[in-house]
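Okay, structure first, notes after.
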Amino acid sequence: MPDIQSLPSVPESHAGLLGAPHFAHVCTINADGSPQTSPVWLNREGAVICLNSAEGRRKIANMRRDPRVAISIIDAANPYRYVELRGRVIEMTREGADAHIDQLAKDYLGVDEYPYRSPGEQRVLIRIAVEHVVALN
């Protein structure tokens with residue numbers, strides 16, 4: 001695991017993009033080397049970006065095979081203002097994943113519980129260490 005104290009940080013001018021109501025797109029790498037992208041909700045724990053997904057989704061398989069990811073977040077009020085984060089998955093766990101998706105649902109939808117859960121779905125909490133940041137206005 002990298003030393004998260006030494007990771008690059010998002011400029012304060014763009015820190016507000018790292019959470020609700022800003023949607024992000026995460027790009028992972030398919031087995032054949034082609035890119036795969038998905039819209040996601042996110043939040044952060046200090047220098048670590050946190051995503052949530054369900055077992056069986058392509059991005060989960062991709063991240064397990066190749067931890068490199070890129071995330072872009074565009075300011076809906078000004079689409080020329082955005083932040084790009086590149087980094088590596090440092091942890092994927094089911095522990096705390098249900099509580100995390102409920103927190104994201106509260107942040108993004110204003111509801112206490114994630115409303116789109118499928119029966120038997122296993123949630124996965126994904127933590128990403130940021131290695132490179134590009135922020136443009």
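Residue numbering restarts at 1 in every chain; chains get A, B, ... in the order shown in the structure tokens, and ligands count up from 1 in that same order.
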> Do you know which residues are at most 9 Å from Pro21 of chain A counting only C-alpha atoms, after dropping those on the same chain fewer than 3 positions away, and could you put them as JSON, numbers by chain?
Replying inline: {"A": [17, 18, 41, 76, 107, 108, 109]}
> Near Leu85 of chain A, within 12 Å and counting only C-alpha atoms, which residues show up once chain neighbours fewer than 6 positions away are dropped, as a PyMOL selection string?
Replying inline: chain A and resi 7-11+14-15+17-18+24-27+47-49+68-74+128-136
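Nearest to Ala105 of chain A of all the residues A:Gln36, A:Asn43, A:Asn62, A:Ala31 is A:Asn43, counting only C-alpha atoms.
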>> Here is a test: counting only C-alpha atoms, which residue of A:Asn137, A:Ala54, A:Ser38, A:Asp32 is nearest to Tyr82 of chain A?
In response: A:Asn137
>> Report, in Å to a single decimal, how far apart atom CA of Gln122 of chain A and atom CA of Glu91 of chain A are.
In response: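 The value is 15.9 Å.
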